[in-house]
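Structure data follow from work.pdb (PDB, C-alpha atoms):
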ATOM      1  CA  ARG K 155      56.565  62.579  75.612
ATOM      2  CA  LEU K 156      57.145  65.774  73.678
ATOM      3  CA  VAL K 157      55.050  68.650  74.934
ATOM      4  CA  GLY K 158      54.699  72.117  73.493
ATOM      5  CA  ALA K 159      53.976  75.392  75.243
ATOM      6  CA  THR K 160      50.260  75.012  74.661
ATOM      7  CA  GLY K 161      50.313  71.848  76.764
ATOM      8  CA  ALA K 162      49.277  69.733  73.779
ATOM      9  CA  ALA K 163      51.245  66.498  73.724
ATOM     10  CA  LEU K 164      52.783  65.481  70.434
ATOM     11  CA  ASP K 165      50.881  62.197  70.571
ATOM     12  CA  ALA K 166      47.626  64.210  70.533
ATOM     13  CA  VAL K 167      48.425  65.601  67.082
ATOM     14  CA  THR K 168      46.361  63.589  64.631
ATOM     15  CA  TYR K 169      47.650  62.076  61.414
ATOM     16  CA  ARG K 170      46.618  64.852  59.066
ATOM     17  CA  ASP K 171      47.169  67.870  61.318
ATOM     18  CA  SER K 172      49.766  70.502  60.467
ATOM     19  CA  TYR K 173      52.180  70.997  63.377
ATOM     20  CA  ALA K 174      55.525  72.806  63.557
ATOM     21  CA  VAL K 175      57.870  73.507  66.473
ATOM     22  CA  ILE K 176      61.251  75.164  66.981
ATOM     23  CA  GLY K 177      62.960  74.627  70.323
ATOM     24  CA  VAL K 178      66.292  74.343  72.072
ATOM     25  CA  LYS K 179      67.207  71.138  73.909
ATOM     26  CA  SER K 180      67.540  71.662  77.644
ATOM     27  CA  SER K 181      67.620  69.279  80.580
ATOM     28  CA  ALA K 182      65.880  71.915  82.710
ATOM     29  CA  ALA K 183      62.271  72.946  82.405
ATOM     30  CA  CYS K 184      62.504  76.294  80.652
ATOM     31  CA  PRO K 185      59.594  77.934  78.838
ATOM     32  CA  GLU K 186      62.049  80.046  76.839
ATOM     33  CA  CYS K 187      63.446  76.854  75.276
ATOM     34  CA  LEU K 188      60.288  76.520  73.177
ATOM     35  CA  LEU K 189      60.797  79.274  70.622
ATOM     36  CA  ALA K 190      57.822  78.753  68.309
ATOM     37  CA  GLU K 191      54.900  76.377  67.967
ATOM     38  CA  GLN K 192      51.778  76.205  65.825
ATOM     39  CA  ARG K 193      49.208  73.495  65.214
ATOM     40  CA  VAL K 194      46.041  73.436  63.124
ATOM     41  CA  ALA K 195      43.577  70.625  62.527
ATOM     42  CA  GLN K 196      43.454  68.736  59.264
ATOM     43  CA  GLY K 197      41.973  70.680  56.401
ATOM     44  CA  SER K 198      42.731  74.013  58.104
ATOM     45  CA  GLY K 199      45.881  74.866  56.134
ATOM     46  CA  ALA K 200      49.637  74.659  56.458
ATOM     47  CA  VAL K 201      51.661  76.240  59.259
ATOM     48  CA  THR K 202      54.994  78.055  59.292
ATOM     49  CA  VAL K 203      56.956  78.993  62.392
ATOM     50  CA  ALA K 204      60.204  80.953  62.529
ATOM     51  CA  ALA K 205      62.550  81.809  65.367
ATOM     52  CA  SER K 206      66.112  82.855  66.053
ATOM     53  CA  THR K 207      68.490  80.577  67.899
ATOM     54  CA  GLY K 208      71.385  82.842  68.696
ATOM     55  CA  SER K 209      72.281  84.523  65.404
ATOM     56  CA  VAL K 210      70.647  81.761  63.346
ATOM     57  CA  CYS K 211      67.201  82.122  61.799
ATOM     58  CA  ALA K 212      65.292  78.838  61.682
ATOM     59  CA  GLU K 213      61.992  78.038  60.005
ATOM     60  CA  ALA K 214      59.763  74.948  60.072
ATOM     61  CA  GLN K 215      56.826  74.428  57.709
ATOM     62  CA  SER K 216      54.225  71.691  57.999
ATOM     63  CA  ALA K 217      51.219  70.712  55.931
ATOM     64  CA  GLY K 218      49.079  67.665  56.620
ATOM     65  CA  LEU K 219      47.820  65.410  53.846
ATOM     66  CA  GLU K 220      44.832  67.596  52.963
ATOM     67  CA  ASP K 221      46.879  70.809  53.095
ATOM     68  CA  GLY K 222      49.826  70.011  50.816
ATOM     69  CA  ASN K 223      51.460  67.015  52.529
ATOM     70  CA  TYR K 224      54.937  68.387  53.258
ATOM     71  CA  ALA K 225      57.453  69.219  55.955
ATOM     72  CA  ARG K 226      60.221  71.712  55.170
ATOM     73  CA  PHE K 227      63.009  73.061  57.333
ATOM     74  CA  PHE K 228      65.271  76.062  56.755
ATOM     75  CA  ILE K 229      68.392  77.347  58.509
ATOM     76  CA  ASP K 230      69.338  80.907  57.569
ATOM     77  CA  GLY K 231      67.056  80.641  54.538
ATOM     78  CA  VAL K 232      68.667  77.457  53.178
ATOM     79  CA  GLN K 233      66.422  74.396  53.008
ATOM     80  CA  VAL K 234      67.725  71.405  54.947
ATOM     81  CA  PRO K 235      67.999  68.405  52.608
ATOM     82  CA  LEU K 236      65.724  65.772  54.109
ATOM     83  CA  THR K 237      63.438  63.132  52.680
ATOM     84  CA  THR K 238      60.329  63.662  54.784
ATOM     85  CA  GLY K 239      57.457  61.289  55.299
ATOM     86  CA  ARG K 240      54.241  60.646  57.144
ATOM     87  CA  GLY K 241      54.453  61.253  60.878
ATOM     88  CA  VAL K 242      57.109  63.244  62.704
ATOM     89  CA  ASN K 243      60.061  64.792  60.865
ATOM     90  CA  LEU K 244      62.914  66.197  62.974
ATOM     91  CA  VAL K 245      66.064  68.235  62.369
ATOM     92  CA  ALA K 246      68.688  68.939  65.041
ATOM     93  CA  TYR K 247      71.433  71.507  64.526
ATOM     94  CA  ASP K 248      74.115  73.347  66.453
ATOM     95  CA  PRO K 249      73.234  77.067  66.567
ATOM     96  CA  ALA K 250      76.892  77.970  67.150
ATOM     97  CA  THR K 251      78.121  76.333  63.930
ATOM     98  CA  ARG K 252      74.886  76.230  61.895
ATOM     99  CA  VAL K 253      75.684  72.575  61.138
ATOM    100  CA  VAL K 254      72.864  70.041  60.973
ATOM    101  CA  GLN K 255      73.772  67.250  63.389
ATOM    102  CA  SER K 256      71.001  64.803  62.566
ATOM    103  CA  THR K 257      67.655  64.372  60.834
ATOM    104  CA  GLY K 258      64.941  61.796  61.244
ATOM    105  CA  THR K 259      61.558  60.764  59.919
ATOM    106  CA  PHE K 260      59.297  58.710  62.164
ATOM    107  CA  ASP K 261      56.039  57.122  60.935
ATOM    108  CA  THR K 262      54.057  57.620  64.121
ATOM    109  CA  HIS K 263      50.840  56.810  62.270
ATOM    110  CA  GLY K 264      51.906  53.400  60.982
ATOM    111  CA  ASP K 265      53.753  52.384  64.173
ATOM    112  CA  PRO K 266      52.779  54.759  66.988
ATOM    113  CA  ALA K 267      54.551  52.948  69.830
ATOM    114  CA  GLY K 268      57.766  51.997  68.034
ATOM    115  CA  GLN K 269      58.214  55.153  66.002
ATOM    116  CA  GLY K 270      57.079  57.364  68.874
ATOM    117  CA  ALA K 271      59.787  55.813  71.031
ATOM    118  CA  ALA K 272      62.306  56.286  68.212
ATOM    119  CA  ALA K 273      61.379  59.988  67.918
ATOM    120  CA  LEU K 274      61.828  60.419  71.676
ATOM    121  CA  ALA K 275      65.202  58.655  71.489
ATOM    122  CA  PHE K 276      66.208  61.022  68.676
ATOM    123  CA  VAL K 277      65.407  64.060  70.832
ATOM    124  CA  ALA K 278      67.101  62.487  73.877
ATOM    125  CA  ALA K 279      70.314  62.123  71.842
ATOM    126  CA  VAL K 280      70.361  65.803  70.815
ATOM    127  CA  PRO K 281      73.110  67.619  72.741
ATOM    128  CA  GLU K 282      72.158  70.264  75.292
ATOM    129  CA  GLY K 283      71.804  73.709  73.697
ATOM    130  CA  HIS K 284      71.228  72.423  70.169
ATOM    131  CA  ALA K 285      68.082  73.416  68.293
ATOM    132  CA  VAL K 286      65.358  70.988  67.258
ATOM    133  CA  LEU K 287      62.909  71.638  64.431
ATOM    134  CA  LEU K 288      59.760  69.544  64.094
TER     135      LEU K 288
END

Since I need it in another form, could you write the structure as structure tokens?
Amino acid sequence: RLVGATGAALDAVTYRDSYAVIGVKSSAACPECLLAEQRVAQGSGAVTVAASTGSVCAEAQSAGLEDGNYARFFIDGVQVPLTTGRGVNLVAYDPATRVVQSTGTFDTHGDPAGQGAAALAFVAAVPEGHAVLL
């Protein structure tokens, strides 16, 4: 289960909400590992969060279906090439090298159990200290 600083579980985000997170993977519970988070209900507009991971500036943008229907990710102002889709879109990168390690798109609306588990497996595979954008 992915949980943000507000205590709202990722599985509580509804299909058309706009939700963006920037965090750093850590095996320890550390509030400072969640760098930015914003969620708004469907029809309430898009969200953009930005944070620094070391010397790297990261940005995540999200818009639900009624608010533009997109997910965009930027590292140091350069958009990460990723074909996004409905559900959860993730980018993991190494802040030390600025290299994107992996990306994933998980249709948690069409297959909540299977794709939710796949999204959790994606995050579990991210190395300690690497950044995750959602």

Residues within 10 Å of (70.9, 67.8, 72.2), file coords, all atoms listed in the file, listed as a list in words: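 The residues near that point, listed by chain and number, are Val178, Lys179, Ser180, Ser181, Ala246, Tyr247, Asp248, Gln255, Phe276, Val277, Ala278, Ala279, Val280, Pro281, Glu282, Gly283, His284, Ala285 and Val286 of chain K.
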
Residues matched by the PyMOL selection byres ((chain K and resi 270) around 10), written as a list of chain:residue names: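 When the PyMOL selection byres ((chain K and resi 270) around 10) is applied to the shown file, the picked residues are K:Arg155, K:Leu156, K:Leu164, K:Asp165, K:Gly241, K:Val242, K:Phe260, K:Asp261, K:Thr262, K:His263, K:Asp265, K:Pro266, K:Ala267, K:Gly268, K:Gln269, K:Ala271, K:Ala272, K:Ala273, K:Leu274, K:Ala275, K:Phe276.
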
Print the selection's residues with C-alpha atoms to a file, as a tab-separated table (two decimals), keeping the file's coordinate frame.
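New file out-v4.tsv:
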chain	number	residue	atom	x	y	z
K	155	ARG	CA	56.56	62.58	75.61
K	156	LEU	CA	57.14	65.77	73.68
K	164	LEU	CA	52.78	65.48	70.43
K	165	ASP	CA	50.88	62.20	70.57
K	241	GLY	CA	54.45	61.25	60.88
K	242	VAL	CA	57.11	63.24	62.70
K	260	PHE	CA	59.30	58.71	62.16
K	261	ASP	CA	56.04	57.12	60.94
K	262	THR	CA	54.06	57.62	64.12
K	263	HIS	CA	50.84	56.81	62.27
K	265	ASP	CA	53.75	52.38	64.17
K	266	PRO	CA	52.78	54.76	66.99
K	267	ALA	CA	54.55	52.95	69.83
K	268	GLY	CA	57.77	52.00	68.03
K	269	GLN	CA	58.21	55.15	66.00
K	271	ALA	CA	59.79	55.81	71.03
K	272	ALA	CA	62.31	56.29	68.21
K	273	ALA	CA	61.38	59.99	67.92
K	274	LEU	CA	61.83	60.42	71.68
K	275	ALA	CA	65.20	58.66	71.49
K	276	PHE	CA	66.21	61.02	68.68

Point-to-point distance from atom CA of K:Leu219 to atom CA of K:Val232, Å rounded to tenths: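 If I compute the distance from atom CA of K:Leu219 to atom CA of K:Val232, I get 24.1 Å.
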
The PyMOL selection byres ((chain K and resi 171-174) around 6) resolved against shown file, as a PyMOL selection string: chain K and resi 168-170+175+191-196+200+214+216-218+288

Next, the residues of the selection above should be written as a PDB file, in the frame of the given file with C-alpha atoms.
ATOM      1  CA  THR K 168      46.361  63.589  64.631  1.00  0.00           C
ATOM      2  CA  TYR K 169      47.650  62.076  61.414  1.00  0.00           C
ATOM      3  CA  ARG K 170      46.618  64.852  59.066  1.00  0.00           C
ATOM      4  CA  VAL K 175      57.870  73.507  66.473  1.00  0.00           C
ATOM      5  CA  GLU K 191      54.900  76.377  67.967  1.00  0.00           C
ATOM      6  CA  GLN K 192      51.778  76.205  65.825  1.00  0.00           C
ATOM      7  CA  ARG K 193      49.208  73.495  65.214  1.00  0.00           C
ATOM      8  CA  VAL K 194      46.041  73.436  63.124  1.00  0.00           C
ATOM      9  CA  ALA K 195      43.577  70.625  62.527  1.00  0.00           C
ATOM     10  CA  GLN K 196      43.454  68.736  59.264  1.00  0.00           C
ATOM     11  CA  ALA K 200      49.637  74.659  56.458  1.00  0.00           C
ATOM     12  CA  ALA K 214      59.763  74.948  60.072  1.00  0.00           C
ATOM     13  CA  SER K 216      54.225  71.691  57.999  1.00  0.00           C
ATOM     14  CA  ALA K 217      51.219  70.712  55.931  1.00  0.00           C
ATOM     15  CA  GLY K 218      49.079  67.665  56.620  1.00  0.00           C
ATOM     16  CA  LEU K 288      59.760  69.544  64.094  1.00  0.00           C
TER      17      LEU K 288
END

Atom pair atom CA of K:Gly197 / atom CA of K:Gln215: separation (Å):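 These two atoms are separated by 15.4 Å.
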
Could you work out an axis-aligned box for stretch 214-218 of chain K, taking every atom the file lists and adding 5 Å on each side, and report centre and edge lengths in Å to one decimal, as JSON?
{"center_x": 54.4, "center_y": 71.3, "center_z": 58.0, "size_x": 20.7, "size_y": 17.3, "size_z": 14.1}

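Proximity to K:Thr251 was assessed for K:Ser209, K:Ser198, K:Asn223, K:Thr238 counting only C-alpha atoms; the smallest distance is recorded for K:Ser209.
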
Best match for closeness to K:Ala205 among K:Ile176, K:Cys187, K:Ala225, K:Val234, counting all atoms listed in the file: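 Among the listed residues, K:Ile176 lies closest to K:Ala205.
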
Atom-to-atom span, atom CA of K:Phe228 and atom CA of K:Glu213, Å: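 These two atoms are separated by 5.0 Å.
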
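Each of K:Val210, K:Val254, K:Val245, K:Cys184 was compared to K:Gly231 using only C-alpha atoms, and K:Val210 turns out to be the nearest.
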
Point (69.3, 77.4, 64.1), cut-off 6 Å, counting all atoms listed in the file, residues as an NGL selection string: :K and (207 or 210-212 or 229 or 249 or 285)
